[in-house]
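One file, coords-v7.csv, carrying CSV, C-alpha atoms:
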```csv
chain,number,residue,atom,x,y,z
Y,22,MET,CA,-14.1,4.7,4.5
Y,23,HIS,CA,-12.2,1.4,4.7
Y,24,SER,CA,-9.1,0.1,6.2
Y,25,ARG,CA,-7.2,-2.3,4.2
Y,26,LYS,CA,-5.0,-4.7,6.2
Y,27,ILE,CA,-1.3,-4.0,6.1
Y,28,TYR,CA,1.2,-6.8,6.0
Y,29,VAL,CA,4.9,-6.9,6.5
Y,30,ARG,CA,5.5,-7.6,2.8
Y,31,ASP,CA,3.8,-4.3,2.0
Y,32,LEU,CA,6.8,-2.5,3.5
Y,33,ARG,CA,9.1,-4.0,0.9
Y,34,ASP,CA,6.6,-3.7,-1.9
Y,35,ALA,CA,5.4,-0.3,-1.0
Y,36,ASP,CA,4.0,1.5,-4.0
Y,37,SER,CA,5.3,4.8,-2.9
Y,38,LYS,CA,7.6,7.5,-4.2
Y,39,ILE,CA,9.8,6.5,-1.3
Y,40,ASP,CA,12.2,3.6,-1.8
Y,41,LEU,CA,13.0,2.0,1.5
Y,42,GLN,CA,15.6,-0.2,-0.2
Y,43,MET,CA,14.7,-3.2,1.9
Y,44,GLU,CA,16.2,-6.5,1.0
Y,45,LEU,CA,14.8,-9.6,2.7
Y,46,VAL,CA,17.6,-11.7,4.3
Y,47,ALA,CA,15.6,-14.0,6.5
Y,48,GLY,CA,12.1,-15.0,7.7
Y,49,LYS,CA,10.4,-15.2,4.4
Y,50,GLU,CA,7.5,-17.2,5.8
Y,51,GLY,CA,6.5,-14.4,8.1
Y,52,LEU,CA,6.0,-11.8,5.3
Y,53,GLY,CA,2.2,-12.3,5.6
Y,54,LYS,CA,2.1,-11.0,9.2
Y,55,GLU,CA,-0.2,-8.1,9.8
Y,56,ILE,CA,1.2,-4.8,10.9
Y,57,THR,CA,-1.3,-3.4,13.4
Y,58,VAL,CA,0.8,-0.5,14.9
Y,59,GLY,CA,2.7,1.9,12.7
Y,60,ASP,CA,5.4,2.5,15.3
Y,61,ILE,CA,9.0,1.4,15.5
Y,62,ASN,CA,11.2,0.1,18.4
Y,63,ARG,CA,14.9,0.1,18.9
Y,64,PRO,CA,15.7,-3.3,20.5
Y,65,GLY,CA,18.9,-2.2,22.3
Y,66,LEU,CA,17.5,-2.7,25.8
Y,67,GLY,CA,16.2,-6.1,24.9
Y,68,LEU,CA,19.6,-7.2,23.5
Y,69,ALA,CA,21.1,-6.1,26.8
Y,70,GLY,CA,18.7,-8.5,28.5
Y,71,PHE,CA,15.9,-6.1,29.6
Y,72,PHE,CA,12.6,-7.2,28.1
Y,73,ASP,CA,10.1,-5.4,30.3
Y,74,PHE,CA,7.8,-3.4,28.1
Y,75,PHE,CA,9.4,-4.9,25.0
Y,76,ALA,CA,7.3,-3.6,22.1
Y,77,TYR,CA,7.7,-6.8,20.0
Y,78,ASP,CA,4.7,-5.9,17.8
Y,79,ARG,CA,6.4,-2.9,16.3
Y,80,ILE,CA,9.0,-2.8,13.6
Y,81,GLN,CA,12.4,-3.5,15.2
Y,82,ILE,CA,15.2,-1.3,13.9
Y,83,PHE,CA,18.8,-2.5,14.4
Y,84,GLY,CA,21.2,0.5,13.9
Y,85,LEU,CA,25.0,0.6,14.2
Y,86,GLY,CA,24.8,0.5,18.0
Y,87,GLU,CA,22.7,-2.7,18.1
Y,88,THR,CA,24.9,-4.5,15.5
Y,89,ALA,CA,28.1,-3.4,17.3
Y,90,PHE,CA,26.7,-4.6,20.6
Y,91,MET,CA,25.7,-8.0,19.2
Y,92,ARG,CA,29.2,-8.4,17.8
Y,93,ARG,CA,30.6,-8.1,21.3
Y,94,LEU,CA,28.5,-10.9,22.6
Y,95,THR,CA,29.9,-14.4,22.9
Y,96,ALA,CA,28.1,-17.2,21.0
Y,97,GLY,CA,26.6,-18.4,24.3
Y,98,GLN,CA,25.3,-15.0,25.3
Y,99,LYS,CA,23.9,-14.3,21.9
Y,100,GLU,CA,22.0,-17.6,21.8
Y,101,GLU,CA,20.5,-16.7,25.2
Y,102,VAL,CA,19.5,-13.3,24.1
Y,103,PHE,CA,18.1,-14.4,20.7
Y,104,GLU,CA,16.2,-17.2,22.4
Y,105,LYS,CA,14.5,-14.6,24.6
Y,106,PHE,CA,14.1,-12.0,21.9
Y,107,PHE,CA,12.4,-14.4,19.4
Y,108,SER,CA,10.2,-16.0,22.1
Y,109,PHE,CA,8.1,-12.9,21.7
Y,110,ASP,CA,6.0,-12.7,18.6
Y,111,VAL,CA,8.4,-10.2,17.0
Y,112,LEU,CA,6.8,-8.5,14.0
Y,113,CYS,CA,9.9,-7.9,11.8
Y,114,CYS,CA,13.5,-6.6,12.0
Y,115,VAL,CA,15.4,-4.1,9.8
Y,116,PHE,CA,19.1,-3.7,9.9
Y,117,THR,CA,20.3,-0.3,8.7
Y,118,HIS,CA,23.6,0.9,7.1
Y,119,ASN,CA,23.6,-2.2,5.0
Y,120,GLU,CA,24.8,-4.2,8.1
Y,121,HIS,CA,23.9,-7.9,7.6
Y,122,PRO,CA,22.8,-9.9,10.6
Y,123,ASP,CA,25.1,-12.8,11.5
Y,124,GLU,CA,24.3,-16.4,10.8
Y,125,MET,CA,22.8,-17.2,14.1
Y,126,PHE,CA,20.4,-14.3,13.8
Y,127,VAL,CA,19.3,-15.4,10.4
Y,128,GLU,CA,18.8,-18.9,11.7
Y,129,PHE,CA,16.6,-17.7,14.5
Y,130,ALA,CA,14.7,-15.4,12.3
Y,131,ASN,CA,14.0,-18.2,9.9
Y,132,ARG,CA,13.0,-20.6,12.6
Y,133,TYR,CA,10.6,-18.1,14.2
Y,134,ARG,CA,9.4,-16.7,10.9
Y,135,VAL,CA,10.4,-13.1,11.6
Y,136,PRO,CA,11.0,-11.3,8.4
Y,137,THR,CA,14.4,-9.6,8.6
Y,138,PHE,CA,15.5,-7.0,6.1
Y,139,VAL,CA,18.7,-5.1,5.4
Y,140,THR,CA,18.5,-1.5,4.1
Y,141,ARG,CA,21.2,0.8,2.8
Y,142,HIS,CA,19.8,3.8,4.5
Y,143,ARG,CA,21.2,5.3,7.6
Y,144,THR,CA,19.1,4.7,10.8
Y,145,THR,CA,17.7,8.2,11.2
Y,146,ARG,CA,17.0,8.6,7.5
Y,147,PHE,CA,15.4,5.1,7.4
Y,148,ILE,CA,13.1,5.9,10.3
Y,149,SER,CA,11.9,9.1,8.8
Y,150,LEU,CA,11.3,7.4,5.5
Y,151,LEU,CA,9.6,4.5,7.1
Y,152,THR,CA,7.3,6.8,9.2
Y,153,HIS,CA,6.2,8.4,5.9
Y,154,VAL,CA,5.5,5.1,4.3
Y,155,VAL,CA,3.7,3.7,7.3
Y,156,GLU,CA,1.7,6.8,7.8
Y,157,GLU,CA,0.5,6.5,4.3
Y,158,PHE,CA,-0.5,2.9,4.9
Y,159,PHE,CA,-2.6,3.9,7.8
Y,160,SER,CA,-4.0,7.1,6.3
Y,161,PRO,CA,-7.8,7.3,5.8
Y,162,ALA,CA,-8.8,5.8,2.5
Y,163,VAL,CA,-11.9,5.3,0.4
Y,164,VAL,CA,-12.8,3.7,-2.8
Y,165,MET,CA,-14.4,5.9,-5.4
Y,166,HIS,CA,-16.3,4.6,-8.3
Y,167,GLY,CA,-14.8,6.7,-11.1
Y,168,THR,CA,-12.0,7.1,-13.5
Y,169,LEU,CA,-8.9,9.0,-12.7
Y,170,VAL,CA,-6.9,10.6,-15.5
Y,171,ASP,CA,-3.9,13.0,-15.4
Y,172,VAL,CA,-4.9,15.8,-17.8
Y,173,PHE,CA,-2.1,18.4,-18.3
Y,174,GLY,CA,-0.8,17.5,-14.9
Y,175,ILE,CA,-4.1,18.0,-13.1
Y,176,GLY,CA,-5.6,14.8,-11.6
Y,177,VAL,CA,-9.2,14.7,-12.9
Y,178,LEU,CA,-11.6,12.2,-11.3
Y,179,LEU,CA,-14.4,11.4,-13.7
Y,180,MET,CA,-17.6,10.4,-12.0
Y,181,GLY,CA,-21.1,9.5,-13.1
Y,182,LYS,CA,-23.5,6.7,-13.5
Y,183,SER,CA,-22.3,3.6,-15.2
Y,184,GLY,CA,-22.9,3.9,-19.0
Y,185,VAL,CA,-22.6,7.7,-19.1
Y,186,GLY,CA,-19.2,7.3,-20.8
Y,187,LYS,CA,-16.5,7.7,-18.2
Y,188,SER,CA,-14.3,5.0,-19.8
Y,189,GLU,CA,-14.9,6.2,-23.3
Y,190,THR,CA,-14.0,9.7,-22.2
Y,191,ALA,CA,-10.8,8.5,-20.6
Y,192,LEU,CA,-10.0,6.5,-23.8
Y,193,GLU,CA,-10.2,9.7,-25.8
Y,194,LEU,CA,-8.2,11.6,-23.3
Y,195,ILE,CA,-5.5,8.9,-23.5
Y,196,GLU,CA,-5.5,9.1,-27.2
Y,197,ARG,CA,-4.9,12.9,-26.9
Y,198,GLY,CA,-1.8,12.2,-24.9
Y,199,HIS,CA,-3.1,12.2,-21.3
Y,200,ARG,CA,-2.5,9.5,-18.8
Y,201,LEU,CA,-4.8,6.9,-17.2
Y,202,VAL,CA,-4.4,6.3,-13.5
Y,203,ALA,CA,-7.3,4.0,-12.8
Y,204,ASP,CA,-10.6,3.1,-14.4
Y,205,ASP,CA,-13.8,2.4,-12.6
Y,206,MET,CA,-12.3,1.9,-9.2
Y,207,VAL,CA,-10.1,4.5,-7.6
Y,208,GLU,CA,-8.5,4.1,-4.2
Y,209,VAL,CA,-8.2,7.5,-2.6
Y,210,LYS,CA,-6.0,8.2,0.3
Y,211,LYS,CA,-5.8,11.3,2.4
Y,212,ILE,CA,-2.1,12.2,2.9
Y,213,ASP,CA,-0.8,14.6,5.5
Y,214,GLU,CA,-4.4,15.8,6.1
Y,215,SER,CA,-4.0,17.9,3.0
Y,216,LEU,CA,-4.0,16.1,-0.2
Y,217,LEU,CA,-5.9,13.3,-1.9
Y,218,MET,CA,-3.8,10.6,-3.7
Y,219,GLY,CA,-5.6,8.3,-6.1
Y,220,SER,CA,-4.4,5.0,-7.5
Y,221,GLY,CA,-5.8,1.9,-9.0
Y,222,SER,CA,-6.3,-1.5,-7.4
Y,223,GLU,CA,-3.0,-3.3,-8.1
Y,224,ILE,CA,-4.5,-6.3,-9.7
Y,225,ILE,CA,-6.5,-4.5,-12.4
Y,226,ARG,CA,-4.2,-1.6,-12.8
Y,227,HIS,CA,-4.5,0.2,-16.1
Y,228,HIS,CA,-7.2,-2.1,-17.4
Y,229,MET,CA,-10.4,-0.7,-18.8
Y,230,GLU,CA,-13.7,-2.1,-19.8
Y,231,ILE,CA,-15.0,-0.6,-23.0
Y,232,ARG,CA,-18.5,-1.7,-23.9
Y,233,GLY,CA,-18.4,-3.6,-27.1
Y,234,LEU,CA,-14.7,-4.3,-26.9
Y,235,GLY,CA,-14.4,-5.9,-23.5
Y,236,ILE,CA,-11.3,-5.5,-21.3
Y,237,ILE,CA,-8.2,-3.8,-22.6
Y,238,ASN,CA,-4.9,-3.1,-21.0
Y,239,ALA,CA,-4.2,0.6,-21.6
Y,240,ARG,CA,-0.5,0.1,-21.0
Y,241,ASP,CA,-0.2,-2.5,-23.7
Y,242,VAL,CA,-2.5,-0.8,-26.2
Y,243,PHE,CA,-1.2,2.8,-25.8
Y,244,GLY,CA,2.2,2.3,-24.2
Y,245,ILE,CA,4.0,3.4,-21.1
Y,246,ARG,CA,3.4,7.1,-21.7
Y,247,SER,CA,-0.3,6.7,-21.5
Y,248,ILE,CA,-0.4,5.6,-17.9
Y,249,ARG,CA,0.8,6.5,-14.4
Y,250,ASN,CA,0.4,4.7,-11.1
Y,251,ARG,CA,-0.8,7.4,-8.8
Y,252,LYS,CA,-1.9,11.0,-9.1
Y,253,ARG,CA,-3.1,13.7,-6.7
Y,254,ILE,CA,-6.8,14.4,-7.3
Y,255,GLU,CA,-7.3,18.1,-8.0
Y,256,MET,CA,-10.6,18.1,-9.6
Y,257,VAL,CA,-13.8,16.1,-9.8
Y,258,VAL,CA,-15.9,16.1,-13.0
Y,259,LEU,CA,-19.4,14.6,-12.9
Y,260,LEU,CA,-20.6,13.5,-16.2
Y,261,GLU,CA,-24.3,13.6,-16.4
Y,262,GLU,CA,-26.8,12.9,-19.1
Y,263,TRP,CA,-28.0,16.2,-20.6
Y,264,ASN,CA,-31.2,17.1,-18.9
Y,265,GLU,CA,-33.4,19.8,-20.5
Y,266,GLY,CA,-34.8,20.9,-17.2
Y,267,ALA,CA,-31.5,21.2,-15.4
Y,268,GLU,CA,-29.6,24.5,-14.9
Y,269,TYR,CA,-26.0,24.2,-15.9
Y,270,ASP,CA,-23.3,26.5,-14.8
Y,271,ARG,CA,-23.0,29.2,-17.5
Y,272,LEU,CA,-20.5,31.6,-15.8
Y,273,GLY,CA,-18.2,29.5,-13.5
Y,274,ILE,CA,-17.9,32.5,-11.1
Y,275,ASP,CA,-18.8,30.4,-8.1
Y,276,GLU,CA,-16.6,27.4,-7.5
Y,277,LYS,CA,-18.4,24.3,-6.5
Y,278,ARG,CA,-16.7,21.7,-4.2
Y,279,TYR,CA,-16.9,18.0,-3.9
Y,280,THR,CA,-15.9,16.5,-0.5
Y,281,ILE,CA,-13.8,13.4,-0.3
Y,282,LEU,CA,-12.5,12.3,3.1
Y,283,ASP,CA,-13.4,15.7,4.5
Y,284,LEU,CA,-11.2,17.5,1.9
Y,285,ASP,CA,-12.8,19.8,-0.6
Y,286,VAL,CA,-11.9,19.4,-4.3
Y,287,PRO,CA,-13.0,21.8,-7.2
Y,288,PHE,CA,-16.1,20.2,-8.8
Y,289,ILE,CA,-17.8,20.7,-12.1
Y,290,THR,CA,-20.8,19.0,-13.7
Y,291,VAL,CA,-20.5,18.4,-17.4
Y,292,PRO,CA,-23.7,17.5,-19.3
Y,293,VAL,CA,-23.2,14.8,-21.9
Y,294,ARG,CA,-25.1,14.4,-25.1
Y,295,PRO,CA,-24.3,12.8,-28.4
Y,296,GLY,CA,-22.0,15.0,-30.5
Y,297,ARG,CA,-20.7,16.9,-27.6
Y,298,ASN,CA,-16.9,16.7,-27.4
Y,299,ILE,CA,-16.5,15.8,-23.7
Y,300,PRO,CA,-12.7,15.2,-23.7
Y,301,ILE,CA,-12.0,18.7,-25.0
Y,302,ILE,CA,-14.2,20.2,-22.4
Y,303,ILE,CA,-12.3,18.3,-19.7
Y,304,GLU,CA,-9.0,19.4,-21.1
Y,305,THR,CA,-10.2,23.0,-21.0
Y,306,ALA,CA,-11.5,22.5,-17.5
Y,307,ALA,CA,-8.1,21.1,-16.4
Y,308,LEU,CA,-6.2,24.0,-18.0
Y,309,ASN,CA,-8.6,26.5,-16.4
Y,310,GLN,CA,-8.0,24.8,-13.1
Y,311,ARG,CA,-4.3,25.3,-13.5
Y,312,LEU,CA,-4.8,28.9,-14.2
Y,313,LYS,CA,-6.9,29.2,-11.1
Y,314,LYS,CA,-4.1,27.6,-9.1
Y,315,MET,CA,-1.8,30.3,-10.4
Y,316,GLY,CA,-4.4,33.0,-9.4
Y,317,VAL,CA,-6.0,33.7,-12.7
Y,318,PHE,CA,-9.7,33.3,-12.6
Y,319,SER,CA,-11.2,33.9,-16.1
Y,320,ALA,CA,-14.8,34.3,-15.2
Y,321,ARG,CA,-14.2,36.7,-12.3
Y,322,GLU,CA,-11.7,38.7,-14.3
Y,323,LEU,CA,-14.2,39.1,-17.1
Y,324,ASP,CA,-16.8,40.1,-14.6
Y,325,SER,CA,-14.6,42.8,-13.1
Y,326,ARG,CA,-13.6,44.1,-16.5
Y,327,ILE,CA,-17.3,44.5,-17.4
Y,328,GLN,CA,-18.0,46.2,-14.1
Y,329,ASN,CA,-15.1,48.6,-14.7
Y,330,TRP,CA,-16.3,49.4,-18.2
Y,331,MET,CA,-19.8,50.0,-17.0
Y,332,ARG,CA,-18.6,52.3,-14.3
Y,333,MET,CA,-16.5,54.3,-16.8
Y,334,GLU,CA,-19.4,54.5,-19.2
Y,335,GLY,CA,-21.5,55.7,-16.4
Y,336,GLU,CA,-19.0,58.5,-15.5
Y,337,ARG,CA,-18.7,59.5,-19.2
Y,338,SER,CA,-22.4,59.9,-19.7
Y,339,ASN,CA,-22.6,62.0,-16.6
Y,340,ASP,CA,-20.0,64.4,-18.0
O,28,MET,CA,-30.5,-1.1,2.1
O,29,THR,CA,-30.4,-4.9,2.0
O,30,GLU,CA,-27.3,-7.0,2.4
O,31,ARG,CA,-26.1,-10.5,2.9
O,32,GLU,CA,-22.8,-12.2,3.7
O,33,VAL,CA,-21.7,-15.0,1.4
O,34,LEU,CA,-18.7,-17.3,1.2
O,35,VAL,CA,-17.0,-17.9,-2.1
O,36,ARG,CA,-16.6,-21.7,-2.5
O,37,SER,CA,-15.6,-22.0,-6.1
O,38,ASP,CA,-11.9,-23.1,-6.3
O,39,ALA,CA,-11.0,-20.7,-9.0
O,40,GLY,CA,-12.3,-17.6,-7.1
O,41,VAL,CA,-14.1,-14.9,-9.0
O,42,HIS,CA,-12.1,-14.6,-12.2
O,43,ALA,CA,-13.2,-12.9,-15.4
O,44,ARG,CA,-16.1,-15.1,-16.4
O,45,PRO,CA,-17.8,-15.4,-13.0
O,46,ALA,CA,-17.3,-11.6,-12.6
O,47,MET,CA,-19.0,-11.0,-15.9
O,48,MET,CA,-21.9,-13.3,-14.9
O,49,PHE,CA,-22.3,-11.4,-11.6
O,50,VAL,CA,-22.2,-8.0,-13.3
O,51,ARG,CA,-24.7,-9.1,-16.0
O,52,GLU,CA,-27.1,-10.3,-13.3
O,53,ALA,CA,-26.6,-7.1,-11.3
O,54,MET,CA,-27.4,-5.0,-14.4
O,55,LYS,CA,-30.8,-6.5,-14.5
O,56,TYR,CA,-31.8,-4.7,-11.3
O,57,PRO,CA,-32.6,-1.0,-11.1
O,58,CYS,CA,-31.0,-0.6,-7.7
O,59,GLU,CA,-27.3,0.1,-6.9
O,60,VAL,CA,-25.4,-3.1,-6.2
O,61,PHE,CA,-22.2,-3.3,-4.2
O,62,LEU,CA,-19.8,-6.2,-3.5
O,63,ILE,CA,-17.7,-5.7,-0.4
O,64,LYS,CA,-14.6,-7.6,0.5
O,65,ASP,CA,-12.4,-6.6,3.5
O,66,ASN,CA,-14.2,-3.3,3.8
O,67,VAL,CA,-13.4,-2.4,0.2
O,68,GLU,CA,-16.6,-1.7,-1.7
O,69,ALA,CA,-16.8,-2.5,-5.4
O,70,ASN,CA,-19.5,-1.4,-7.8
O,71,GLY,CA,-21.4,-4.6,-8.5
O,72,LYS,CA,-22.3,-3.3,-12.0
O,73,SER,CA,-18.8,-2.8,-13.1
O,74,ILE,CA,-16.6,-5.7,-14.3
O,75,MET,CA,-13.3,-3.9,-13.5
O,76,SER,CA,-14.5,-2.9,-10.1
O,77,VAL,CA,-15.5,-6.5,-9.2
O,78,LEU,CA,-12.3,-7.9,-10.6
O,79,GLY,CA,-10.3,-5.4,-8.7
O,80,LEU,CA,-11.5,-7.0,-5.4
O,81,ALA,CA,-9.3,-10.0,-6.2
O,82,ILE,CA,-11.9,-12.5,-4.8
O,83,THR,CA,-10.3,-15.8,-4.1
O,84,SER,CA,-11.8,-19.1,-3.0
O,85,GLY,CA,-12.7,-18.8,0.7
O,86,SER,CA,-13.3,-15.0,0.6
O,87,ARG,CA,-16.2,-13.6,2.6
O,88,LEU,CA,-18.2,-11.1,0.7
O,89,ILE,CA,-21.1,-8.8,1.4
O,90,VAL,CA,-23.6,-8.4,-1.3
O,91,ARG,CA,-25.4,-5.1,-0.8
O,92,ALA,CA,-28.1,-3.3,-2.7
O,93,ARG,CA,-29.8,0.0,-2.4
O,94,GLY,CA,-32.9,1.1,-4.2
O,95,GLU,CA,-35.7,-0.5,-6.1
O,96,ASP,CA,-36.0,-4.3,-5.8
O,97,GLU,CA,-33.0,-4.4,-3.5
O,98,GLU,CA,-34.2,-7.6,-1.8
O,99,GLY,CA,-34.6,-9.4,-5.1
O,100,ALA,CA,-31.1,-8.3,-6.2
O,101,VAL,CA,-29.4,-9.4,-3.1
O,102,ALA,CA,-31.3,-12.8,-3.0
O,103,ARG,CA,-30.4,-13.5,-6.6
O,104,LEU,CA,-26.8,-12.4,-6.5
O,105,ALA,CA,-26.0,-14.0,-3.2
O,106,SER,CA,-27.3,-17.3,-4.5
O,107,LEU,CA,-25.4,-16.9,-7.7
O,108,ILE,CA,-22.2,-16.7,-5.7
O,109,GLU,CA,-23.2,-19.5,-3.3
O,110,ASN,CA,-24.0,-21.8,-6.2
O,111,ASP,CA,-20.6,-21.3,-7.8
O,112,PHE,CA,-22.0,-19.2,-10.6
O,113,LYS,CA,-24.0,-22.2,-11.9
O,114,ASN,CA,-27.2,-20.1,-11.9
```
Could you show the structure in this file as structure tokens?
Amino acid sequence: MHSRKIYVRDLRDADSKIDLQMELVAGKEGLGKEITVGDINRPGLGLAGFFDFFAYDRIQIFGLGETAFMRRLTAGQKEEVFEKFFSFDVLCCVFTHNEHPDEMFVEFANRYRVPTFVTRHRTTRFISLLTHVVEEFFSPAVVMHGTLVDVFGIGVLLMGKSGVGKSETALELIERGHRLVADDMVEVKKIDESLLMGSGSEIIRHHMEIRGLGIINARDVFGIRSIRNRKRIEMVVLLEEWNEGAEYDRLGIDEKRYTILDLDVPFITVPVRPGRNIPIIIETAALNQRLKKMGVFSARELDSRIQNWMRMEGERSND
Amino acid sequence: MTEREVLVRSDAGVHARPAMMFVREAMKYPCEVFLIKDNVEANGKSIMSVLGLAITSGSRLIVRARGEDEEGAVARLASLIENDFKN
């Protein structure tokens, strides 16, 4: 497990489904400050002059009330309050309802390097969205050495020793219309304690290394429809060199599980040998997984059909 | 498991060519090799994985190996980084 450091700029650049619509209006130099607590603070009391227990290290949210209050202050009062407010090492400020801070605030924020944003969202809405984004930032994460592909809507994490053909398999899957999320290094986050979200490291996103070719950018080579930025991991496929002695699953009645960050994911082992069409096996596995999600379990259904048939045969021969 | 901390001094950081040199060296050893930056662990035998760490000049890294000849691998790879990839 690892914990990547979270910086103020990550709020703005959050690679999330949620758009916080944050526009930076001051304090650009402070964007590199680290966020250590995921909580927020409403600075109303501070603006009124009460700074005991001031939670300066949290994200400060200025709603309609705060901006209205500041407007009522005289220039002198404001200067006094801002002087005090910014004397703390304030993490960052966000103004909601698209209310822009006044010139004096901007000036202070710039001087003290406090990133200040304006968002279009309403305060309550913004806080709930922000909580989501920040929780995701602070959620448990791990880097898996594998390749993540979206196959028919199922996020399949291909694992296996280097050289077993993960990237080549992914390449063939892309060619067949599926989408690459990340090759070789997949960052996995546990979200809401219930699902695993995989994405690639931003800097190498959608690049793949193919032995003999070198590095290619899947997005450039195959186009936008061949990629996606993140995908829930719903299945782990271990590619393994075919081993004559090993017992491979012939029925698929028992579901195996692979544990990532304490969550169990359906798991299959696919033996690889020359001439075996691995991508089509993975496609079938993904489709089968979708069926299982819908409650259709081929192997078990066949088994119960056979058992039914045998029982009926048994009854008939007793007649 | 053997590991050693190293400091990246080369001005350009670990871009494509140095990453390739690292991976090539790592492949010569039978053990598993990892490169760790800010708690993020990369597979030392994969170019994409190493590049994904975005190692800049001044980064502190941990070279870690597990398995056969792990001491040899760590000694060789750590010195490769410390000597700015000039062998």
Residue list for chain Y near chain O as a PyMOL selection string, 8 Å, only C-alpha atoms:
chain Y and resi 23-25+163-164+166+183+204-206+222-225+228-230
For Gln310 in chain Y, which residue out of Y:Asp324, Y:Glu255, Y:Glu208, Y:Asp275 is the nearest one, using only C-alpha atoms?
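Nearest to Gln310 in chain Y: Y:Glu255.
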Show me as a VMD selection string the residues that reach within 12 Å of (-9.6, 34.8, -11.6), counting only C-alpha atoms and using the file's own coordinates.
chain Y and resid 273 to 276 309 to 326
At what distance in Å, to one decimal, does CA of Leu178 in chain Y lie from CA of Ile254 in chain Y?
6.6 Å
Among listed residues Y:Val177, Y:Cys113, Y:Ser149, Y:Val207, nearest Arg226 in chain Y (using all atoms listed in the file):
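The answer is Y:Val207, which sits nearest to Arg226 in chain Y.
Nearest residue to Leu94 in chain Y, choosing from Y:Leu192, Y:Gln81, Y:Val111, Y:Ala69 and counting only C-alpha atoms: Y:Ala69.
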Return the single residue from O:Gly40, O:Val35, O:Phe61, O:Met28 that is closest to Ser106 in chain O, with distances computed using only C-alpha atoms.
O:Val35
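Counting only C-alpha atoms, Gly67 in chain Y has the following residues at most 12 Å away, ignoring those fewer than 4 positions along the same chain: Asn62, Arg63, Phe71, Phe72, Asp73, Phe74, Phe75, Ala76, Tyr77, Gln81, Phe83, Glu87, Phe90, Met91, Lys99, Glu101, Val102, Phe103, Glu104, Lys105, Phe106, Phe107, Ser108, Phe109 and Val111 of chain Y.
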Could you give me, as a list in words, the residues within 12 Å of Ser160 in chain Y, counting only C-alpha atoms and dropping anything in the same chain fewer than 4 positions from it?
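Within the cut-off, the hits are Met22, His23, Ser24, Arg25, Lys26, Ile27, Gly59, Thr152, His153, Val154, Val155, Glu156, Glu208, Val209, Lys210, Lys211, Ile212, Asp213, Glu214, Ser215, Leu216, Leu217, Met218 and Leu282 of chain Y.
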I want to know what sits within 8 Å of Ala307 in chain Y, based on all atoms listed in the file, with residues of the same chain fewer than 5 positions away left out; could you give that as a compact mmCIF listing (two decimals) with C-alpha atoms, in the coordinates of the input?
```
# COMPACT_ATOMS: atom_id res chain seq x y z
CA VAL Y 172 -4.90 15.80 -17.80
CA PHE Y 173 -2.10 18.40 -18.30
CA ILE Y 175 -4.10 18.00 -13.10
CA VAL Y 177 -9.20 14.70 -12.90
CA MET Y 256 -10.60 18.10 -9.60
```
d(CA of Met43 in chain Y, CA of Leu66 in chain Y) in Å
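Going from CA of Met43 in chain Y over to CA of Leu66 in chain Y, I get 24.1 Å.
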Using all atoms listed in the file, can you tell me which of O:Glu32, O:Asp96, O:Asp38, O:Asp111 comes closest to Cys58 in chain O?
O:Asp96
Would you mind listing what lies within 7 Å of Gly181 in chain Y as an MDAnalysis selection string, with all atoms listed in the file counted and same-chain residues fewer than 4 positions away left out?
chainID Y and resid 185 259:261
For a test of reading the model, state the distance in Å between CA of Lys252 in chain Y and CA of Ile56 in chain Y, rounded to one decimal.
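Between these atoms lies a distance of 25.7 Å.
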